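A.B. asks: First the structure, which I've put down as structure tokens, then a few questions once you've had a look.
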Amino acid sequence: MSIPIVANLAEISDNYDAVFCDLWGCLHNGVEPFPEAVKALRAYRKRGGKVVLLTNAPRPRASVEKQLELIGVARDCWDVIATSGDSARSAMFRGAVGEKVWFMGQDYDLTFFEPIHLVDDPIQITRVPLEEATGIACLGPFDSNADPAVNRPEFLYAKQKGLKLLCANPDIVVDRGDSREWCAGALAKLYTEMGGESLYFGKPHPPVYDLARRRLTGLGAEIPDSRILAIGDGIITDIKGALGEGIDSLFITGGLALVETLTVDQPDQKAMDDFAASQQITPTYAVGFLR
């Protein structure tokens with residue numbers, strides 16, 4: 001069965017009262033915004049639709065909002081942000097990996113440990129060396145260009161101690177401008193393959209969708225899942241997650257799957273269908289780029 005290719009969001013937008021829109025690869029490339037995507041979301045909001053930016057960024061939403069401002073994404077093209085970071089933080093402050101945490105990530109990710117308002121009675125979290133840790137908070141690699149295998153020695157030690165790894169970003173890779181970088185999901189995958197236990201909170205896993213719905217409700221919008229459209233370029237995160245939640249999806253083929261789908265302006269129908277079949281994941285619609 002062929003996946004329907006649409007010309008733009010407007011072609012199907014009347015069927016939906018809200019969108020859960022991915023950020024990286026859909027709205028920006030980590031360096032600059034995509035003008036047509038901004039225009040499309042702005043038009044969608046103008047006709048009354050709600051836009052929840054649903055991202056696997058491992059940071060609090062305030063940090064992501066600052067990043068969007070720095071990149072130059074217009075504030076009038078979205079309503080609210082839901083991050084896998086906030087979903088994972090909620091779990092951490094409820095004790096999912098204990099009170100003494102070994103942190104994996106970059107200095108700019110340290111906002112993850114700031115006080116949280118999503119949890120009543122949060123536990124006290126202390127960042128410690130691996131040898132003293134009760135668990136791991138993985139926001140990403142220490143070096144996003146290094147093969148995840150460089151962490152094998154630490155992971156072997158952590159597995160032997162029975163530590164759980166909290167993965168704040170299930171993405172395997174991301175494209176920053178023209179370069180591809182590893183994400184926390186690659187580390188969690190390796191840890192699991194080595195016999196460790198990884199806990200996931202971003203797309204495609206349910207907790208972040210629960211958070212997105214709460215953010216939507218916070219806007220005063222009670223919208224059923226049948227009227228929500230998920231938009232994203234990650235077939236194993238955005239599209240798989242939407243399928244799991246019973247939400248329709250719009251697959252942006254010109255992002256992570258640009259090569260596999262032979263996308264120029266639009267995807268090649270056969271290449272895209274073959275790619276989706278190889279992943280055993282079928283989106284509701286597809287378009288080359290969000291516009």
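Each chain of the structure tokens is named A, B, ... in the order shown, its residues numbered from 1; ligands are numbered from 1 in display order.
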Apply DSSP to the backbone of this structure and, from stretch 107-254 of chain A, keep only the residues in alpha helix (DSSP H); write these as a ChimeraX atom specification.
C.D. replies: /A:152-161,184-193,206-218,240-245
A.B. asks: What lies within 12 Å of A:Ser278 using only C-alpha atoms, ignoring chain neighbours under 3 positions off, as JSON, numbers by chain?
C.D. replies: {"A": [235, 236, 260, 261, 271, 272, 273, 274, 275, 281, 282]}
A.B. asks: Any chance you could export the current selection's all heavy atoms as a PDB file, in the first residue's frame?
C.D. replies:
ATOM      1  N   ILE A 235      11.460   8.187  11.570  1.00  0.00           N
ATOM      2  CA  ILE A 235      10.449   7.123  11.429  1.00  0.00           C
ATOM      3  C   ILE A 235      10.389   6.237  12.666  1.00  0.00           C
ATOM      4  O   ILE A 235       9.320   5.752  13.043  1.00  0.00           O
ATOM      5  CB  ILE A 235      10.683   6.298  10.137  1.00  0.00           C
ATOM      6  CG1 ILE A 235       9.401   5.521   9.780  1.00  0.00           C
ATOM      7  CG2 ILE A 235      11.881   5.357  10.277  1.00  0.00           C
ATOM      8  CD1 ILE A 235       9.276   5.108   8.346  1.00  0.00           C
ATOM      9  N   ILE A 236      11.539   6.045  13.371  1.00  0.00           N
ATOM     10  CA  ILE A 236      11.515   5.177  14.551  1.00  0.00           C
ATOM     11  C   ILE A 236      11.258   5.948  15.844  1.00  0.00           C
ATOM     12  O   ILE A 236      11.174   5.352  16.914  1.00  0.00           O
ATOM     13  CB  ILE A 236      12.808   4.341  14.689  1.00  0.00           C
ATOM     14  CG1 ILE A 236      14.020   5.237  14.871  1.00  0.00           C
ATOM     15  CG2 ILE A 236      12.988   3.416  13.501  1.00  0.00           C
ATOM     16  CD1 ILE A 236      15.285   4.482  15.242  1.00  0.00           C
ATOM     17  N   GLU A 260      17.362   7.757   1.917  1.00  0.00           N
ATOM     18  CA  GLU A 260      16.602   6.512   1.743  1.00  0.00           C
ATOM     19  C   GLU A 260      15.328   6.724   0.918  1.00  0.00           C
ATOM     20  O   GLU A 260      14.880   5.810   0.219  1.00  0.00           O
ATOM     21  CB  GLU A 260      16.223   5.922   3.103  1.00  0.00           C
ATOM     22  CG  GLU A 260      17.396   5.400   3.906  1.00  0.00           C
ATOM     23  CD  GLU A 260      18.097   6.485   4.721  1.00  0.00           C
ATOM     24  OE1 GLU A 260      17.782   7.686   4.525  1.00  0.00           O
ATOM     25  OE2 GLU A 260      18.943   6.131   5.546  1.00  0.00           O
ATOM     26  N   THR A 261      14.738   7.920   1.030  1.00  0.00           N
ATOM     27  CA  THR A 261      13.473   8.186   0.323  1.00  0.00           C
ATOM     28  C   THR A 261      13.678   8.937  -0.983  1.00  0.00           C
ATOM     29  O   THR A 261      12.701   9.296  -1.651  1.00  0.00           O
ATOM     30  CB  THR A 261      12.519   9.000   1.227  1.00  0.00           C
ATOM     31  OG1 THR A 261      13.160  10.240   1.583  1.00  0.00           O
ATOM     32  CG2 THR A 261      12.164   8.234   2.488  1.00  0.00           C
ATOM     33  N   ALA A 271      10.654   4.466  -3.390  1.00  0.00           N
ATOM     34  CA  ALA A 271      11.741   4.456  -2.402  1.00  0.00           C
ATOM     35  C   ALA A 271      11.193   4.670  -0.998  1.00  0.00           C
ATOM     36  O   ALA A 271      11.612   4.004  -0.045  1.00  0.00           O
ATOM     37  CB  ALA A 271      12.770   5.525  -2.741  1.00  0.00           C
ATOM     38  N   MET A 272      10.226   5.585  -0.870  1.00  0.00           N
ATOM     39  CA  MET A 272       9.641   5.849   0.443  1.00  0.00           C
ATOM     40  C   MET A 272       8.835   4.650   0.938  1.00  0.00           C
ATOM     41  O   MET A 272       8.952   4.258   2.102  1.00  0.00           O
ATOM     42  CB  MET A 272       8.753   7.081   0.386  1.00  0.00           C
ATOM     43  CG  MET A 272       8.073   7.404   1.709  1.00  0.00           C
ATOM     44  SD  MET A 272       6.915   8.763   1.565  1.00  0.00           S
ATOM     45  CE  MET A 272       5.721   8.084   0.416  1.00  0.00           C
ATOM     46  N   ASP A 273       8.020   4.081   0.067  1.00  0.00           N
ATOM     47  CA  ASP A 273       7.229   2.916   0.463  1.00  0.00           C
ATOM     48  C   ASP A 273       8.132   1.754   0.874  1.00  0.00           C
ATOM     49  O   ASP A 273       7.863   1.064   1.864  1.00  0.00           O
ATOM     50  CB  ASP A 273       6.313   2.489  -0.683  1.00  0.00           C
ATOM     51  CG  ASP A 273       5.180   3.470  -0.941  1.00  0.00           C
ATOM     52  OD1 ASP A 273       4.891   4.288  -0.037  1.00  0.00           O
ATOM     53  OD2 ASP A 273       4.589   3.422  -2.026  1.00  0.00           O
ATOM     54  N   ASP A 274       9.222   1.556   0.118  1.00  0.00           N
ATOM     55  CA  ASP A 274      10.166   0.475   0.444  1.00  0.00           C
ATOM     56  C   ASP A 274      10.841   0.729   1.789  1.00  0.00           C
ATOM     57  O   ASP A 274      11.036  -0.194   2.594  1.00  0.00           O
ATOM     58  CB  ASP A 274      11.233   0.335  -0.648  1.00  0.00           C
ATOM     59  CG  ASP A 274      10.686  -0.265  -1.936  1.00  0.00           C
ATOM     60  OD1 ASP A 274       9.551  -0.786  -1.920  1.00  0.00           O
ATOM     61  OD2 ASP A 274      11.395  -0.198  -2.969  1.00  0.00           O
ATOM     62  N   PHE A 275      11.198   1.989   2.033  1.00  0.00           N
ATOM     63  CA  PHE A 275      11.849   2.340   3.303  1.00  0.00           C
ATOM     64  C   PHE A 275      10.897   2.101   4.475  1.00  0.00           C
ATOM     65  O   PHE A 275      11.273   1.493   5.483  1.00  0.00           O
ATOM     66  CB  PHE A 275      12.298   3.804   3.278  1.00  0.00           C
ATOM     67  CG  PHE A 275      12.848   4.294   4.585  1.00  0.00           C
ATOM     68  CD1 PHE A 275      14.015   3.757   5.119  1.00  0.00           C
ATOM     69  CD2 PHE A 275      12.198   5.297   5.293  1.00  0.00           C
ATOM     70  CE1 PHE A 275      14.527   4.209   6.333  1.00  0.00           C
ATOM     71  CE2 PHE A 275      12.697   5.749   6.510  1.00  0.00           C
ATOM     72  CZ  PHE A 275      13.863   5.206   7.026  1.00  0.00           C
ATOM     73  N   ILE A 281       6.923   0.344   9.612  1.00  0.00           N
ATOM     74  CA  ILE A 281       6.250   1.503  10.205  1.00  0.00           C
ATOM     75  C   ILE A 281       5.645   2.315   9.063  1.00  0.00           C
ATOM     76  O   ILE A 281       6.364   2.721   8.151  1.00  0.00           O
ATOM     77  CB  ILE A 281       7.233   2.393  11.002  1.00  0.00           C
ATOM     78  CG1 ILE A 281       7.861   1.600  12.157  1.00  0.00           C
ATOM     79  CG2 ILE A 281       6.535   3.641  11.534  1.00  0.00           C
ATOM     80  CD1 ILE A 281       9.039   2.312  12.811  1.00  0.00           C
ATOM     81  N   THR A 282       4.332   2.544   9.108  1.00  0.00           N
ATOM     82  CA  THR A 282       3.670   3.245   8.010  1.00  0.00           C
ATOM     83  C   THR A 282       3.032   4.552   8.489  1.00  0.00           C
ATOM     84  O   THR A 282       2.082   4.522   9.290  1.00  0.00           O
ATOM     85  CB  THR A 282       2.571   2.355   7.386  1.00  0.00           C
ATOM     86  OG1 THR A 282       3.150   1.118   6.988  1.00  0.00           O
ATOM     87  CG2 THR A 282       1.953   3.040   6.172  1.00  0.00           C
TER      88      THR A 282
END
A.B. asks: Which neighbours of A:Asp86 fall inside 8 Å, counting only C-alpha atoms, when residues of the same chain fewer than 5 positions from it are skipped, and could you give them as a count of residues only?
C.D. replies: 5
A.B. asks: Taking a cut-off of 8 Å and counting only C-alpha atoms, can you build a table that, for each residue of stretch 186-256 of chain A near stretch 146-169 of chain A, reports the nearest atom pair and how far apart they are in Å (one decimal), sorted by chain then residue number, as a Markdown table?
C.D. replies:
| residue | atom | partner | partner_atom | distance |
| --- | --- | --- | --- | --- |
| A:Ala186 | CA | A:Pro148 | CA | 6.6 |
| A:Leu187 | CA | A:Pro148 | CA | 5.8 |
| A:Ala188 | CA | A:Cys167 | CA | 6.2 |
| A:Leu190 | CA | A:Pro148 | CA | 7.3 |
| A:Tyr191 | CA | A:Phe155 | CA | 6.2 |
| A:Met194 | CA | A:Leu156 | CA | 7.4 |
| A:Gly195 | CA | A:Lys159 | CA | 6.8 |
| A:Gly196 | CA | A:Lys159 | CA | 5.0 |
| A:Glu197 | CA | A:Lys164 | CA | 5.2 |
| A:Ser198 | CA | A:Leu165 | CA | 4.6 |
| A:Leu199 | CA | A:Leu166 | CA | 4.8 |
| A:Tyr200 | CA | A:Cys167 | CA | 5.1 |
| A:Phe201 | CA | A:Ala168 | CA | 6.2 |
| A:Gly202 | CA | A:Asn169 | CA | 5.8 |
A.B. asks: Next, the residues of the selection above should be written as a short mmCIF file (atom, residue, chain, number, x, y, z; two decimals), in the first residue's frame with all heavy atoms.
C.D. replies:
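Output file out.cif follows:
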data_model
loop_
_atom_site.label_atom_id
_atom_site.label_comp_id
_atom_site.auth_asym_id
_atom_site.auth_seq_id
_atom_site.Cartn_x
_atom_site.Cartn_y
_atom_site.Cartn_z
N ALA A 186 21.76 6.51 21.08
CA ALA A 186 22.80 5.58 20.63
C ALA A 186 23.52 4.95 21.83
O ALA A 186 23.88 3.77 21.81
CB ALA A 186 23.80 6.30 19.73
N LEU A 187 23.73 5.76 22.87
CA LEU A 187 24.38 5.25 24.08
C LEU A 187 23.47 4.27 24.83
O LEU A 187 23.92 3.22 25.30
CB LEU A 187 24.77 6.41 24.99
CG LEU A 187 25.73 7.44 24.40
CD1 LEU A 187 25.99 8.56 25.40
CD2 LEU A 187 27.04 6.80 23.98
N ALA A 188 22.19 4.63 24.93
CA ALA A 188 21.24 3.75 25.61
C ALA A 188 21.10 2.43 24.87
O ALA A 188 20.98 1.36 25.49
CB ALA A 188 19.88 4.45 25.72
N LEU A 190 23.41 0.97 23.06
CA LEU A 190 24.63 0.21 23.34
C LEU A 190 24.56 -0.42 24.74
O LEU A 190 24.88 -1.60 24.92
CB LEU A 190 25.86 1.11 23.23
CG LEU A 190 27.19 0.48 23.65
CD1 LEU A 190 27.55 -0.70 22.76
CD2 LEU A 190 28.31 1.53 23.63
N TYR A 191 24.12 0.37 25.71
CA TYR A 191 24.05 -0.13 27.10
C TYR A 191 23.09 -1.31 27.19
O TYR A 191 23.37 -2.31 27.85
CB TYR A 191 23.61 1.00 28.03
CG TYR A 191 23.74 0.68 29.50
CD1 TYR A 191 24.98 0.32 30.04
CD2 TYR A 191 22.65 0.74 30.36
CE1 TYR A 191 25.12 0.02 31.39
CE2 TYR A 191 22.78 0.46 31.71
CZ TYR A 191 24.02 0.10 32.22
OH TYR A 191 24.16 -0.19 33.56
N MET A 194 24.55 -4.39 25.75
CA MET A 194 25.56 -4.96 26.64
C MET A 194 24.95 -5.65 27.86
O MET A 194 25.66 -6.19 28.69
CB MET A 194 26.53 -3.86 27.08
CG MET A 194 27.41 -3.31 25.96
SD MET A 194 28.50 -1.96 26.52
CE MET A 194 29.52 -2.82 27.72
N GLY A 195 23.61 -5.58 27.96
CA GLY A 195 22.94 -6.24 29.07
C GLY A 195 22.49 -5.32 30.18
O GLY A 195 21.94 -5.77 31.19
N GLY A 196 22.71 -4.01 30.00
CA GLY A 196 22.26 -3.04 30.99
C GLY A 196 20.79 -2.69 30.78
O GLY A 196 20.18 -3.07 29.79
N GLU A 197 20.21 -1.97 31.73
CA GLU A 197 18.80 -1.57 31.64
C GLU A 197 18.70 -0.08 31.35
O GLU A 197 19.19 0.75 32.13
CB GLU A 197 18.06 -1.88 32.94
CG GLU A 197 16.58 -1.54 32.88
CD GLU A 197 15.83 -1.89 34.15
OE1 GLU A 197 16.42 -2.49 35.07
OE2 GLU A 197 14.62 -1.55 34.22
N SER A 198 18.07 0.26 30.23
CA SER A 198 17.88 1.66 29.84
C SER A 198 16.42 2.04 30.00
O SER A 198 15.52 1.28 29.62
CB SER A 198 18.33 1.88 28.39
OG SER A 198 19.71 1.61 28.23
N LEU A 199 16.18 3.23 30.54
CA LEU A 199 14.82 3.76 30.72
C LEU A 199 14.64 4.92 29.74
O LEU A 199 15.43 5.85 29.73
CB LEU A 199 14.63 4.26 32.15
CG LEU A 199 15.01 3.30 33.29
CD1 LEU A 199 14.87 4.00 34.64
CD2 LEU A 199 14.16 2.04 33.23
N TYR A 200 13.60 4.86 28.93
CA TYR A 200 13.38 5.86 27.88
C TYR A 200 12.17 6.74 28.19
O TYR A 200 11.15 6.24 28.65
CB TYR A 200 13.14 5.17 26.55
CG TYR A 200 14.33 4.43 25.98
CD1 TYR A 200 14.50 3.07 26.22
CD2 TYR A 200 15.27 5.09 25.20
CE1 TYR A 200 15.58 2.38 25.68
CE2 TYR A 200 16.35 4.40 24.66
CZ TYR A 200 16.49 3.05 24.90
OH TYR A 200 17.56 2.37 24.38
N PHE A 201 12.27 8.04 27.84
CA PHE A 201 11.18 8.96 28.14
C PHE A 201 10.77 9.85 26.97
O PHE A 201 9.77 10.54 27.02
CB PHE A 201 11.54 9.83 29.35
CG PHE A 201 11.66 9.01 30.60
CD1 PHE A 201 12.87 8.45 30.96
CD2 PHE A 201 10.55 8.74 31.35
CE1 PHE A 201 12.98 7.64 32.08
CE2 PHE A 201 10.64 7.93 32.48
CZ PHE A 201 11.86 7.39 32.84
N GLY A 202 11.53 9.86 25.89
CA GLY A 202 11.15 10.66 24.73
C GLY A 202 10.43 9.81 23.70
O GLY A 202 10.12 8.63 23.92
#
A.B. asks: Apply DSSP to the structure's backbone, then extract all residues of stretch 120-174 of chain A labelled strand (DSSP E or B) and return them as a PyMOL selection string.
C.D. replies: chain A and resi 126-127+135-138+164-167+173-174
A.B. asks: With N, CA and C atoms retained, write the just-selected residues as a PDB file, in the first residue's frame.
C.D. replies:
ATOM      1  N   THR A 126      22.164  14.279  43.527  1.00  0.00           N
ATOM      2  CA  THR A 126      23.563  14.704  43.582  1.00  0.00           C
ATOM      3  C   THR A 126      24.313  14.079  42.416  1.00  0.00           C
ATOM      4  N   ARG A 127      25.087  14.894  41.689  1.00  0.00           N
ATOM      5  CA  ARG A 127      25.927  14.365  40.611  1.00  0.00           C
ATOM      6  C   ARG A 127      27.243  13.867  41.207  1.00  0.00           C
ATOM      7  N   GLY A 135      22.825   5.420  39.692  1.00  0.00           N
ATOM      8  CA  GLY A 135      22.216   5.373  38.374  1.00  0.00           C
ATOM      9  C   GLY A 135      22.891   6.355  37.438  1.00  0.00           C
ATOM     10  N   ILE A 136      22.485   6.336  36.168  1.00  0.00           N
ATOM     11  CA  ILE A 136      23.091   7.177  35.130  1.00  0.00           C
ATOM     12  C   ILE A 136      22.026   8.075  34.515  1.00  0.00           C
ATOM     13  N   ALA A 137      22.329   9.358  34.380  1.00  0.00           N
ATOM     14  CA  ALA A 137      21.480  10.280  33.627  1.00  0.00           C
ATOM     15  C   ALA A 137      22.200  10.574  32.319  1.00  0.00           C
ATOM     16  N   CYS A 138      21.701  10.011  31.235  1.00  0.00           N
ATOM     17  CA  CYS A 138      22.360  10.139  29.936  1.00  0.00           C
ATOM     18  C   CYS A 138      21.605  11.137  29.069  1.00  0.00           C
ATOM     19  N   LYS A 164      20.813   1.518  36.442  1.00  0.00           N
ATOM     20  CA  LYS A 164      19.886   1.840  35.361  1.00  0.00           C
ATOM     21  C   LYS A 164      20.352   3.117  34.667  1.00  0.00           C
ATOM     22  N   LEU A 165      20.172   3.160  33.346  1.00  0.00           N
ATOM     23  CA  LEU A 165      20.531   4.336  32.559  1.00  0.00           C
ATOM     24  C   LEU A 165      19.254   5.038  32.132  1.00  0.00           C
ATOM     25  N   LEU A 166      19.096   6.282  32.578  1.00  0.00           N
ATOM     26  CA  LEU A 166      17.953   7.097  32.205  1.00  0.00           C
ATOM     27  C   LEU A 166      18.309   7.850  30.927  1.00  0.00           C
ATOM     28  N   CYS A 167      17.622   7.539  29.837  1.00  0.00           N
ATOM     29  CA  CYS A 167      17.910   8.145  28.532  1.00  0.00           C
ATOM     30  C   CYS A 167      16.965   9.316  28.304  1.00  0.00           C
ATOM     31  N   VAL A 173      20.685   9.645  16.122  1.00  0.00           N
ATOM     32  CA  VAL A 173      21.519  10.668  15.496  1.00  0.00           C
ATOM     33  C   VAL A 173      20.685  11.911  15.240  1.00  0.00           C
ATOM     34  N   VAL A 174      21.390  13.014  14.985  1.00  0.00           N
ATOM     35  CA  VAL A 174      20.733  14.260  14.587  1.00  0.00           C
ATOM     36  C   VAL A 174      21.646  14.956  13.585  1.00  0.00           C
TER      37      VAL A 174
END
A.B. asks: Restricting the calculation to only C-alpha atoms: of A:Val287, A:Ala37, A:Ala133, A:Leu139, which residue gets closest to A:Ile252?
C.D. replies: A:Val287
A.B. asks: I'd like the interatomic distance between atom CA of A:Arg94 and atom CA of A:Gln124, to a tenth of an Å.
C.D. replies: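 Going from atom CA of A:Arg94 over to atom CA of A:Gln124 covers 9.4 Å.
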A.B. asks: Would you pick out the contacts of A:Gly140 at 8 Å or less, using only C-alpha atoms, so that residues sharing its chain but fewer than 4 positions from it are not included, and give the list as a list of chain:residue names?
C.D. replies: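 Listed by chain and then number, they are A:Met104, A:Gly105, A:Gln106, A:Ser144, A:Asn169, A:Trp182, A:Cys183, A:Ala184, A:Gly185, A:Leu187.
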A.B. asks: So which one's closest to A:Asn15, A:Asp248, A:Glu65, A:Glu132, A:Asp143? Using only C-alpha atoms, please.
C.D. replies: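 Nearest to A:Asn15: A:Asp248.
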A.B. asks: Counting only C-alpha atoms, which of A:Glu32, A:Gly254, A:Leu290, A:Leu110 gets nearest to A:Glu11?
C.D. replies: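 Selected residue with least distance to A:Glu11: A:Leu290.
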